[in-house]
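For reference, input.cif (mmCIF, C-alpha atoms):
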data_model
loop_
_atom_site.label_atom_id
_atom_site.label_comp_id
_atom_site.auth_asym_id
_atom_site.auth_seq_id
_atom_site.Cartn_x
_atom_site.Cartn_y
_atom_site.Cartn_z
CA MET A 209 112.41 117.82 109.35
CA GLU A 210 114.31 116.56 106.35
CA GLU A 211 117.52 116.31 108.30
CA ARG A 212 115.78 114.40 111.07
CA LEU A 213 114.25 111.90 108.68
CA LYS A 214 117.65 111.40 107.10
CA LEU A 215 119.25 110.89 110.49
CA ALA A 216 116.57 108.39 111.51
CA SER A 217 117.11 106.50 108.25
CA ARG A 218 120.84 106.29 108.90
CA ALA A 219 120.24 105.09 112.46
CA MET A 220 117.97 102.31 111.22
CA GLN A 221 120.49 101.30 108.58
CA ALA A 222 123.13 101.14 111.31
CA GLY A 223 120.70 98.97 113.26
CA MET A 224 120.36 96.56 110.37
CA LEU A 225 124.12 96.38 110.01
CA GLY A 226 124.32 95.75 113.75
CA ILE A 227 121.84 92.89 113.46
CA ALA A 228 123.84 91.35 110.63
CA VAL A 229 127.06 91.53 112.68
CA ALA A 230 125.37 90.31 115.86
CA GLY A 231 123.94 87.37 113.91
CA LEU A 232 127.43 86.47 112.73
CA LEU A 233 128.97 86.79 116.21
CA THR A 234 126.30 84.70 117.94
CA ALA A 235 125.99 82.20 115.08
CA ASN A 236 122.32 83.13 114.83
CA PHE A 237 122.07 82.94 111.07
CA THR A 238 118.31 82.80 110.57
CA TRP A 239 117.80 86.50 110.03
CA MET A 240 121.25 87.45 108.78
CA PRO A 241 120.48 87.14 105.05
CA ALA A 242 117.32 89.20 105.52
CA ALA A 243 119.29 91.89 107.38
CA VAL A 244 122.02 92.10 104.76
CA LEU A 245 119.55 92.06 101.90
CA SER A 246 117.38 94.73 103.53
CA LEU A 247 120.42 96.89 104.14
CA PHE A 248 121.31 96.71 100.45
CA VAL A 249 117.74 97.48 99.40
CA SER A 250 117.67 100.47 101.74
CA ILE A 251 120.77 101.83 99.99
CA VAL A 252 119.20 101.54 96.53
CA PRO A 253 117.42 104.96 96.62
CA SER A 254 120.74 106.69 97.40
CA VAL A 255 122.49 104.87 94.58
CA VAL A 256 119.68 105.70 92.20
CA ARG A 257 119.95 109.31 93.28
CA ARG A 258 123.69 109.46 92.70
CA ASP A 259 123.87 107.53 89.44
CA LEU A 260 120.53 108.28 87.81
CA GLU A 261 119.71 111.55 89.57
CA LEU A 262 116.25 110.23 90.33
CA VAL A 263 115.11 111.91 93.53
CA LEU A 264 112.46 110.06 95.50
CA PRO A 265 110.57 112.17 98.04
CA ILE A 266 112.42 112.09 101.36
CA GLU A 267 109.33 110.78 103.18
CA LEU A 268 109.14 107.85 100.79
CA ASN A 269 112.82 107.16 101.38
CA PHE A 270 112.23 107.14 105.12
CA TRP A 271 109.22 104.87 104.70
CA ILE A 272 111.29 102.35 102.74
CA VAL A 273 113.97 102.15 105.43
CA LEU A 274 111.40 102.02 108.24
CA ALA A 275 109.47 99.14 106.64
CA LEU A 276 112.67 97.15 106.09
CA PHE A 277 113.94 97.89 109.57
CA LEU A 278 110.72 96.82 111.30
CA HIS A 279 110.77 93.61 109.30
CA VAL A 280 114.37 92.76 110.19
CA ILE A 281 114.25 93.75 113.85
CA GLY A 282 110.93 91.96 114.22
CA GLY A 283 112.42 88.75 112.90
CA PHE A 284 115.67 89.04 114.84
CA SER A 285 114.10 89.94 118.18
CA GLY A 286 111.22 87.54 117.83
CA PHE A 287 108.60 90.28 117.66
CA TYR A 288 106.84 88.34 114.90
CA ASP A 289 106.15 85.60 117.45
CA ASN A 290 105.83 87.60 120.66
CA VAL A 291 104.30 90.94 119.82
CA PRO A 292 100.67 90.53 118.79
CA GLY A 293 99.89 92.24 115.51
CA TRP A 294 103.54 92.78 114.52
CA ASP A 295 102.97 90.76 111.39
CA HIS A 296 100.00 92.94 110.46
CA LEU A 297 101.88 96.14 111.18
CA THR A 298 104.72 95.18 108.83
CA HIS A 299 102.16 94.06 106.27
CA ALA A 300 100.40 97.41 106.31
CA MET A 301 103.78 99.15 106.10
CA SER A 302 105.06 97.16 103.14
CA ALA A 303 101.69 97.31 101.38
CA SER A 304 101.59 101.09 101.62
CA LEU A 305 105.18 101.12 100.40
CA VAL A 306 104.35 99.00 97.38
CA ALA A 307 101.38 101.26 96.71
CA ALA A 308 103.55 104.39 96.93
CA LEU A 309 106.21 102.99 94.60
CA GLY A 310 103.45 101.86 92.23
CA PHE A 311 102.06 105.37 92.36
CA VAL A 312 105.43 106.86 91.35
CA VAL A 313 105.89 104.38 88.51
CA VAL A 314 102.36 104.71 87.15
CA LEU A 315 102.51 108.50 87.21
CA SER A 316 105.79 108.44 85.30
CA VAL A 317 104.27 106.03 82.78
CA ASP A 318 101.25 108.30 82.44
CA LYS A 319 103.50 111.23 81.66
CA TYR A 320 106.07 109.65 79.39
CA VAL A 321 104.21 107.02 77.43
CA GLU A 322 102.30 108.75 74.67
CA SER A 323 99.62 106.13 74.27
CA ILE A 324 98.73 105.94 77.96
CA SER A 325 96.52 108.35 79.84
CA LEU A 326 95.32 107.59 83.35
CA PRO A 327 92.91 110.02 85.01
CA ARG A 328 92.93 110.35 88.79
CA PRO A 329 90.01 108.07 89.77
CA PHE A 330 91.41 105.29 87.63
CA LEU A 331 94.84 105.85 89.15
CA ALA A 332 93.42 105.33 92.65
CA PHE A 333 91.57 102.21 91.50
CA PHE A 334 94.66 100.83 89.82
CA ILE A 335 96.88 101.45 92.85
CA ILE A 336 94.40 99.63 95.11
CA MET A 337 94.19 96.64 92.77
CA PHE A 338 97.95 96.60 92.23
CA THR A 339 98.66 96.61 95.97
CA MET A 340 96.16 93.83 96.63
CA ALA A 341 97.64 91.81 93.77
CA PHE A 342 101.06 92.26 95.32
CA GLY A 343 99.70 91.15 98.68
CA VAL A 344 98.28 88.03 97.07
CA ILE A 345 101.61 87.28 95.40
CA TRP A 346 103.35 87.75 98.76
CA GLU A 347 100.99 85.32 100.51
CA LEU A 348 101.50 82.84 97.68
CA MET A 349 105.26 83.11 98.14
CA GLU A 350 104.90 82.43 101.86
CA PHE A 351 102.55 79.55 101.11
CA SER A 352 104.83 77.91 98.57
CA ASN A 353 107.81 78.39 100.87
CA ASP A 354 105.87 76.61 103.63
CA GLN A 355 104.85 73.83 101.28
CA LEU A 356 108.32 73.30 99.83
CA THR A 357 110.59 73.75 102.84
CA GLY A 358 108.21 73.01 105.71
CA SER A 359 108.69 76.47 107.24
CA ARG A 360 105.81 78.15 109.03
CA LEU A 361 105.49 81.63 107.57
CA GLN A 362 101.71 81.39 107.46
CA TYR A 363 100.07 80.50 110.77
CA ASP A 364 96.47 79.88 109.84
CA LEU A 365 93.58 81.14 107.77
CA ASP A 366 92.73 83.94 110.20
CA ASP A 367 96.28 85.24 110.11
CA THR A 368 96.53 85.15 106.31
CA MET A 369 93.20 86.87 105.85
CA VAL A 370 93.96 89.62 108.36
CA ASP A 371 97.30 90.11 106.58
CA MET A 372 95.44 90.63 103.35
CA MET A 373 93.00 93.01 104.99
CA PHE A 374 95.94 95.12 106.09
CA ASP A 375 97.33 94.94 102.55
CA ALA A 376 94.01 96.22 101.26
CA PHE A 377 93.97 98.88 103.96
CA GLY A 378 97.46 100.15 103.00
CA GLY A 379 96.57 100.16 99.32
CA ILE A 380 93.29 102.01 99.81
CA ILE A 381 94.88 104.67 102.01
CA VAL A 382 97.70 105.37 99.55
CA GLY A 383 95.40 105.15 96.53
CA ILE A 384 92.98 107.71 97.90
CA ALA A 385 95.70 109.89 99.42
CA GLY A 386 97.59 109.84 96.12
CA ALA A 387 94.54 110.83 94.11
CA HIS A 388 93.82 113.56 96.63
CA TYR A 389 97.44 114.74 96.51
CA LEU A 390 97.17 115.18 92.75
CA ILE A 391 94.31 117.64 93.19
CA HIS A 392 96.84 120.11 94.53
CA THR A 393 99.65 119.32 92.17
CA THR A 394 99.66 118.08 88.59
CA PRO A 395 101.22 114.76 87.61
CA GLU A 396 103.65 116.79 85.49
CA HIS A 397 104.75 118.74 88.51
CA PHE A 398 105.14 115.67 90.67
CA VAL A 399 107.11 113.78 88.06
CA ALA A 400 109.27 116.85 87.49
CA SER A 401 110.08 116.95 91.20
CA LEU A 402 111.42 113.41 90.88
CA LYS A 403 113.73 114.64 88.12
CA VAL A 404 112.68 111.73 85.93
CA GLU A 405 113.59 113.83 82.90
CA LYS A 406 117.26 113.78 83.83
CA THR A 407 117.08 110.08 84.60
CA LYS A 408 115.64 109.43 81.20
CA GLU A 409 118.42 111.38 79.53
CA LYS A 410 121.01 109.57 81.57
CA ILE A 411 119.60 106.13 80.74
CA SER A 412 119.25 106.87 77.04
CA GLY A 413 122.77 108.28 77.11
CA LEU A 414 124.07 105.08 78.68
CA LEU A 415 122.20 102.97 76.14
CA GLU A 416 123.64 105.00 73.28
CA LYS A 417 127.12 104.67 74.69
CA ARG A 418 126.68 100.94 74.94
CA ALA A 419 125.32 100.71 71.41
CA ARG A 420 128.24 102.77 70.14
CA SER A 421 130.87 100.69 71.95
CA LYS A 422 129.27 97.56 70.59
CA GLY A 423 129.19 99.02 67.10
CA GLY A 424 132.86 99.99 67.45
CA LYS A 425 133.81 96.39 67.99
CA MET U 97 51.81 93.65 64.83
CA SER U 98 52.91 94.09 61.24
CA GLU U 99 54.79 97.23 62.26
CA LYS U 100 56.63 95.26 64.89
CA ASN U 101 57.51 92.58 62.39
CA ARG U 102 58.92 95.11 60.00
CA ALA U 103 61.05 96.64 62.74
CA ALA U 104 62.31 93.21 63.65
CA SER U 105 63.07 92.30 60.07
CA SER U 106 65.02 95.51 59.56
CA LEU U 107 67.02 94.67 62.64
CA PHE U 108 67.74 91.18 61.43
CA SER U 109 68.03 91.90 57.73
CA GLY U 110 71.49 92.19 56.36
CA ARG U 111 72.95 90.03 59.12
CA ARG U 112 74.85 87.02 58.05
CA ARG U 113 73.93 83.61 59.32
CA ASP U 114 77.09 83.17 61.39
CA GLN U 115 76.63 86.60 62.88
CA LEU U 116 73.12 85.70 63.95
CA LEU U 117 74.25 82.42 65.43
CA GLU U 118 77.05 84.08 67.39
CA ALA U 119 74.75 86.75 68.75
CA GLN U 120 72.20 84.15 69.78
CA LEU U 121 74.84 82.16 71.64
CA SER U 122 75.92 85.30 73.42
CA TRP U 123 72.35 86.23 74.37
CA ILE U 124 71.66 82.77 75.76
CA ALA U 125 74.84 82.88 77.86
CA SER U 126 73.88 86.33 79.12
CA LEU U 127 70.43 85.05 80.10
CA VAL U 128 72.12 82.32 82.11
CA LEU U 129 74.18 85.02 83.77
CA PHE U 130 71.10 87.13 84.42
CA PHE U 131 68.96 84.41 85.97
CA SER U 132 71.87 83.09 88.03
CA THR U 133 72.27 86.59 89.43
CA VAL U 134 68.54 86.75 90.18
CA TYR U 135 68.92 83.44 92.00
CA ALA U 136 71.84 84.84 93.99
CA VAL U 137 69.74 87.87 94.88
CA LEU U 138 66.91 85.66 96.13
CA LYS U 139 69.42 83.72 98.21
CA VAL U 140 70.96 86.99 99.50
CA ASP U 141 74.39 85.73 98.49
CA VAL U 142 76.03 89.15 98.73
CA LEU U 143 79.41 88.39 97.11
CA TRP U 144 77.89 86.66 94.11
CA ILE U 145 75.31 89.40 93.71
CA VAL U 146 78.17 91.87 93.39
CA PHE U 147 79.92 89.62 90.90
CA GLY U 148 76.73 89.09 88.88
CA ILE U 149 75.89 92.77 88.72
CA ALA U 150 79.43 93.66 87.68
CA ALA U 151 79.41 91.01 84.95
CA ILE U 152 75.95 92.04 83.69
CA SER U 153 77.01 95.69 83.62
CA VAL U 154 80.03 95.09 81.40
CA TYR U 155 77.83 92.93 79.17
CA VAL U 156 74.93 95.34 78.84
CA LEU U 157 76.81 98.66 78.58
CA PRO U 158 77.92 98.42 74.91
CA ILE U 159 74.53 97.06 73.80
CA VAL U 160 72.67 99.88 75.50
CA THR U 161 74.94 102.70 74.38
CA ILE U 162 75.29 101.53 70.77
CA ARG U 163 71.60 100.49 70.73
CA ASP U 164 72.31 97.40 68.74
CA PRO U 165 71.78 93.92 70.25
CA PHE U 166 74.21 92.54 67.68
CA ARG U 167 77.01 94.37 69.40
CA ALA U 168 76.72 91.82 72.17
CA LEU U 169 80.03 90.57 73.51
CA PRO U 170 81.58 87.57 71.78
CA TRP U 171 79.83 84.45 73.02
CA GLU U 172 83.00 82.83 74.32
CA MET U 173 83.56 85.79 76.61
CA THR U 174 79.97 85.72 77.78
CA ILE U 175 80.22 82.04 78.60
CA LEU U 176 83.42 82.69 80.57
CA LEU U 177 81.61 85.45 82.45
CA SER U 178 78.62 83.34 83.42
CA ALA U 179 80.34 79.99 84.06
CA PRO U 180 81.51 80.48 87.67
CA LEU U 181 78.16 81.84 88.84
CA LEU U 182 76.33 78.91 87.27
CA LEU U 183 78.82 76.48 88.83
CA HIS U 184 78.34 78.19 92.17
CA ILE U 185 74.55 77.97 92.32
CA SER U 186 73.94 74.56 90.75
CA ALA U 187 73.30 71.66 93.08
CA GLY U 188 75.00 69.28 90.66
CA ALA U 189 78.25 71.18 90.99
CA ARG U 190 78.05 70.83 94.77
CA ALA U 191 77.61 67.09 94.50
CA LEU U 192 80.55 66.86 92.12
CA SER U 193 82.63 68.95 94.52
CA ASP U 194 81.96 66.39 97.25
CA ARG U 195 82.84 63.52 94.99
CA PHE U 196 85.93 64.76 93.11
CA ALA U 197 88.92 66.46 94.66
CA TRP U 198 89.74 68.31 91.45
CA TRP U 199 86.31 69.85 91.02
CA ASP U 200 87.07 72.83 93.27
CA ASP U 201 90.21 73.51 91.26
CA LEU U 202 88.08 73.60 88.13
CA THR U 203 85.66 76.12 89.61
CA SER U 204 88.59 78.22 90.85
CA ILE U 205 90.00 78.30 87.33
CA ALA U 206 86.59 79.22 85.92
CA PHE U 207 86.41 82.04 88.44
CA ALA U 208 89.88 83.31 87.54
CA PHE U 209 88.98 83.23 83.84
CA SER U 210 85.84 85.26 84.41
CA LEU U 211 87.69 87.81 86.55
CA ALA U 212 90.30 88.20 83.81
CA THR U 213 87.49 88.63 81.29
CA ILE U 214 85.93 91.38 83.38
CA GLY U 215 89.37 93.00 83.62
CA PHE U 216 89.82 92.83 79.86
CA LEU U 217 86.36 94.29 79.24
CA LEU U 218 87.18 97.06 81.71
CA THR U 219 90.24 98.00 79.64
CA VAL U 220 87.99 98.19 76.59
CA GLU U 221 85.01 99.93 78.10
CA LEU U 222 87.00 102.42 80.16
CA GLN U 223 88.34 103.68 76.83
CA MET U 224 84.84 103.85 75.43
CA TYR U 225 83.31 105.87 78.21
CA THR U 226 86.14 107.68 80.01
CA SER U 227 89.36 109.48 79.14
CA VAL U 228 91.44 106.47 80.20
CA ARG U 229 93.84 105.37 77.46
CA MET U 230 96.05 102.31 77.54
CA ASN U 231 98.39 100.59 75.16
CA ARG U 232 98.59 96.85 74.73
CA PRO U 233 101.29 96.01 77.31
CA PHE U 234 99.63 98.13 79.97
CA ALA U 235 96.22 96.62 79.21
CA ILE U 236 97.60 93.11 79.60
CA PHE U 237 99.36 94.08 82.81
CA PHE U 238 96.09 95.54 84.05
CA VAL U 239 94.24 92.31 83.27
CA VAL U 240 96.68 90.24 85.33
CA MET U 241 96.78 92.71 88.23
CA PHE U 242 93.00 93.04 88.21
CA THR U 243 92.53 89.27 88.34
CA LEU U 244 94.92 88.89 91.26
CA GLY U 245 93.67 91.92 93.16
CA ALA U 246 90.00 91.09 92.68
CA SER U 247 90.51 87.50 93.82
CA GLY U 248 92.37 88.85 96.87
CA PHE U 249 89.43 91.07 97.76
CA TRP U 250 87.14 88.15 97.01
CA GLU U 251 88.92 85.91 99.53
CA VAL U 252 88.76 88.62 102.15
CA GLY U 253 85.06 89.04 101.33
CA GLU U 254 84.41 85.32 101.73
CA TYR U 255 86.29 85.34 105.01
CA VAL U 256 84.25 88.26 106.33
CA ASP U 257 81.09 86.54 105.11
CA ASP U 258 82.11 83.42 107.05
CA LYS U 259 82.88 85.31 110.23
CA VAL U 260 80.02 87.79 110.24
CA PHE U 261 77.16 85.93 108.59
CA GLY U 262 78.21 82.37 109.31
CA ALA U 263 78.61 81.40 105.67
CA ASN U 264 80.86 78.47 104.91
CA PHE U 265 83.14 79.44 102.05
CA LEU U 266 86.62 78.86 103.40
CA ASN U 267 87.62 75.80 105.36
CA SER U 268 91.34 76.21 105.71
CA ASN U 269 94.31 78.30 104.78
CA TYR U 270 95.25 75.64 102.24
CA ASP U 271 91.90 76.03 100.47
CA ALA U 272 92.17 79.80 100.33
CA MET U 273 95.73 79.68 99.01
CA THR U 274 94.81 77.14 96.33
CA ILE U 275 92.11 79.48 95.06
CA LEU U 276 94.61 82.35 94.94
CA LEU U 277 97.19 80.15 93.24
CA TRP U 278 94.68 79.27 90.54
CA SER U 279 93.82 82.93 90.14
CA LEU U 280 97.50 83.66 89.54
CA VAL U 281 97.74 80.87 86.96
CA GLY U 282 94.41 81.80 85.37
CA GLY U 283 95.19 85.52 85.38
CA VAL U 284 98.57 85.14 83.68
CA LEU U 285 97.19 82.63 81.22
CA MET U 286 94.24 84.83 80.28
CA GLY U 287 96.53 87.84 80.04
CA LEU U 288 98.48 85.96 77.35
CA VAL U 289 95.28 84.73 75.72
CA TYR U 290 93.78 88.21 75.49
CA ASP U 291 97.06 89.50 74.15
CA LEU U 292 96.75 87.01 71.29
CA TYR U 293 92.97 87.18 71.06
CA LEU U 294 92.77 90.39 69.08
CA ARG U 295 95.68 89.52 66.83
CA VAL U 296 94.32 86.17 65.71
CA MET U 297 90.65 87.12 65.46
CA PRO U 298 89.59 87.36 61.79
CA LYS U 299 89.15 90.95 60.60
CA LYS U 300 85.56 90.30 59.61
CA ARG U 301 84.60 89.00 63.00
CA LEU U 302 86.44 91.78 64.80
CA SER U 303 84.49 94.38 62.85
CA ASN U 304 81.23 92.70 63.92
CA PHE U 305 81.98 93.63 67.49
CA GLY U 306 83.46 96.94 66.49
CA PHE U 307 84.41 98.18 69.91
CA ILE U 308 86.81 95.58 71.19
CA HIS U 309 90.00 96.75 69.59
CA LEU U 310 90.10 100.26 71.01
CA TYR U 311 93.66 100.29 72.22
CA GLU U 312 94.69 99.09 68.82
CA VAL U 313 93.54 102.36 67.29
CA PRO U 314 96.78 104.22 66.62
CA LYS U 315 95.37 107.74 66.53
CA TRP U 316 93.42 109.06 69.45
CA ARG U 317 93.55 112.18 71.53
CA LYS U 318 95.17 112.11 74.92
CA GLY U 319 93.07 113.39 77.81
#
Take the structure in the file and write it out as structure tokens.
Amino acid sequence: MEERLKLASRAMQAGMLGIAVAGLLTANFTWMPAAVLSLFVSIVPSVVRRDLELVLPIELNFWIVLALFLHVIGGFSGFYDNVPGWDHLTHAMSASLVAALGFVVVLSVDKYVESISLPRPFLAFFIIMFTMAFGVIWELMEFSNDQLTGSRLQYDLDDTMVDMMFDAFGGIIVGIAGAHYLIHTTPEHFVASLKVEKTKEKISGLLEKRARSKGGK
Amino acid sequence: MSEKNRAASSLFSGRRRDQLLEAQLSWIASLVLFFSTVYAVLKVDVLWIVFGIAAISVYVLPIVTIRDPFRALPWEMTILLSAPLLLHISAGARALSDRFAWWDDLTSIAFAFSLATIGFLLTVELQMYTSVRMNRPFAIFFVVMFTLGASGFWEVGEYVDDKVFGANFLNSNYDAMTILLWSLVGGVLMGLVYDLYLRVMPKKRLSNFGFIHLYEVPKWRKG
């Protein structure tokens, strides 16, 4: 299973690279920046893993690449315009992704910051609110882009509102699933499986090194 | 009758004049909130009923649990809580909305401020009644996220209300996005304000309310 997910991730990354190259060859530049940027973002978890030894769950890794890939291929192949509901699909994907990353961050905060304690029901509530807030910020970015550059990222009220419903949907699913998941495992256990401890050491080590080299000068 | 008077005088005795005045202001604002909510209930205005009940709950909870009407929320917060509901139900506000283009922006800002206030009170009251603990940066972050998220759900709620029950909240995408934009501005602004609020409030006044500074307490048990 793990191997397959990894393979699928690589294939999608190759696809994004392909789209970037194809865009260059056919002088179809509209989606090239998005493809290149998405490719870089999809590499971030691997870099984080190598340099900080922070291990994200493999499913989450796959989800990140899938969301980026669907976004890029949808733009490049015109699915956003031609396939009904594509926009909403990618919205639900990215919203659940934001929720999952928020979940990881908030759990780590809960464990490592002494003055913060977040019980499970509150965690679910916070994730839902956080995801919706992110959805709102996203729509505002689209809106301001439309206003400033005259692009048409937002079609109409119906479209925007259904987008936000899917954002809410993604957030609620991950919020509840996350809270449910923690019934079976403790936050300590989950955070330990991410190897945040090692990451922390590594970061503090780097900071110390920097402080020392600065002090040396 | 005389018994009642004595009870009342013991409740009011030992209160300073300014304390009394502040509490009275807060009670009046809460009455406005209460009757506006009743009005919304009579009109079966579902969204605003939810808002009113949520606002009343955060107002009443400390008073009921501490059993002291003088622990009412600061009046400025209570006014912020009740303002958007009052603006929503009053006919005068509707007339002004028709006349002035900026009026809707004003009500949007009032709404964002009240959402942020509810968020802030949540950070306080969750620590009073549950095992949730936050520190200052997280609390401020929560206030901003809560404002944005709640206004997002609110817009979706208005949209559903329009489609299902034929209400007439949202006219265009532009209108909806302006409301959300103001909620972003209002949320961030109120996040900063509430960050400063506790630091600049005089010690004496802060101790009147007693419960508002919970995440400022350095020693508490986790869990």
Inset, instruction - Spell out the residues picked by the PyMOL selection byres ((chain U) within 6 of (chain A)) here, as an NGL selection string. - result: :U and (228-231 or 241-242 or 244-245 or 248 or 268-269)
| task | Fewer than 3 positions away in the same chain doesn't count, so skip those; otherwise give me all residues within 9 Å of Asp259 (chain A), counting all atoms listed in the file, as a PyMOL selection string. | result | chain A and resi 254-256+262+407+410
Two-atom distance - CA of Asp114 (chain U), CA of Tyr155 (chain U) (Å):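 Computing it gives 20.3 Å between the two atoms.
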Could you tell me, as an MDAnalysis selection string, exactly which residues end up selected when the PyMOL selection byres ((chain U and resi 252-255) around 8) is applied to this structure? (chainID A and resid 369 372:373) or (chainID U and resid 143 248:251 256:259 265:266)
Q) Using all atoms listed in the file, which residues sit within 8 Å of Leu280 (chain U) once same-chain residues fewer than 5 positions away are excluded, as an MDAnalysis selection string? A) chainID U and resid 208 240 243:244
Query raised in the report: When the PyMOL selection byres ((chain U and resi 177) around 8) is applied to the file above, which residues end up in the set, as number ranges by chain?
Result: U: 129, 151, 173-176, 178-180, 209-211, 213-214
Next on the checklist: With distances taken over only C-alpha atoms, which residue among U:Phe234, U:Phe305, U:Phe147, U:Trp171 lies nearest Ile159 (chain U)?
Outcome noted: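 Of the candidates, the smallest distance to Ile159 (chain U) is held by U:Phe305.
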Atom pair CA of Arg232 (chain U) + CA of Tyr293 (chain U), distance 11.8 Å
| request: Would you list the contacts of region 213-222 of chain A as a ChimeraX atom specification, taking every protein, DNA or RNA residue within 8 Å and counting only C-alpha atoms, but skipping same-chain residues closer than 2 positions in sequence? | output: /A:209-211,224-226,247,250,266-267,270,273-274,277
Residue among U:Ser132, U:Gln115, U:Ser204, U:Gln223 lying closest to Asn304 (chain U), counting all atoms listed in the file: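 Once distances to Asn304 (chain U) are computed over all atoms listed in the file, the minimum belongs to U:Gln115.
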Exercise for the section: Tell me, as a ChimeraX atom specification, which residues lie within 10 Å of His184 (chain U), counting all atoms listed in the file; anything in the same chain fewer than 3 positions away does not count. Expected result: /U:132,136,144,179-181,187-190,203,207
Convert the current residue selection to file output with C-alpha atoms, as a PDB file, in the coordinates of the input.
ATOM      1  CA  SER U 132      71.870  83.090  88.030  1.00  0.00           C
ATOM      2  CA  ALA U 136      71.840  84.840  93.990  1.00  0.00           C
ATOM      3  CA  TRP U 144      77.890  86.660  94.110  1.00  0.00           C
ATOM      4  CA  ALA U 179      80.340  79.990  84.060  1.00  0.00           C
ATOM      5  CA  PRO U 180      81.510  80.480  87.670  1.00  0.00           C
ATOM      6  CA  LEU U 181      78.160  81.840  88.840  1.00  0.00           C
ATOM      7  CA  ALA U 187      73.300  71.660  93.080  1.00  0.00           C
ATOM      8  CA  GLY U 188      75.000  69.280  90.660  1.00  0.00           C
ATOM      9  CA  ALA U 189      78.250  71.180  90.990  1.00  0.00           C
ATOM     10  CA  ARG U 190      78.050  70.830  94.770  1.00  0.00           C
ATOM     11  CA  THR U 203      85.660  76.120  89.610  1.00  0.00           C
ATOM     12  CA  PHE U 207      86.410  82.040  88.440  1.00  0.00           C
TER      13      PHE U 207
END
Please determine, counting all atoms listed in the file, which residue among A:Leu415, A:Leu356, A:Tyr320, A:Ala300 has the shortest atom-to-atom distance to Ile381 (chain A).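 Closest candidate: A:Ala300.
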ask   = Interatomic distance between CA of Phe237 (chain A) and CA of Asn290 (chain A)?
value =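 If I compute the distance from CA of Phe237 (chain A) to CA of Asn290 (chain A), I get 19.4 Å.
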Grab all the atoms of region 354-372 of chain A that the file lists, wrap them in a box along x, y and z, add 4 Å per side, and give me centre plus edge lengths in Å (one decimal) as JSON.
{"center_x": 101.7, "center_y": 81.8, "center_z": 105.3, "size_x": 25.9, "size_y": 25.6, "size_z": 18.9}
Counting all atoms listed in the file, the residue among U:Leu285, U:Leu192, U:Leu302, U:Ile152 that lies closest to Leu127 (chain U) is U:Ile152
*asked:* Calculated over all atoms listed in the file, which of the candidates U:Asp200, U:Val160, U:Ala246, U:Ala119 has the smallest distance to Val146 (chain U)?
replied: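 Residue with the minimum atom-to-atom distance to Val146 (chain U): U:Ala246.
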- request: Pick out the closest residue to Ala197 (chain U) from this set: U:Val289, U:Phe166, U:Phe131, U:Asp271. Count all atoms listed in the file.
  value: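 Selected residue with least distance to Ala197 (chain U): U:Asp271.
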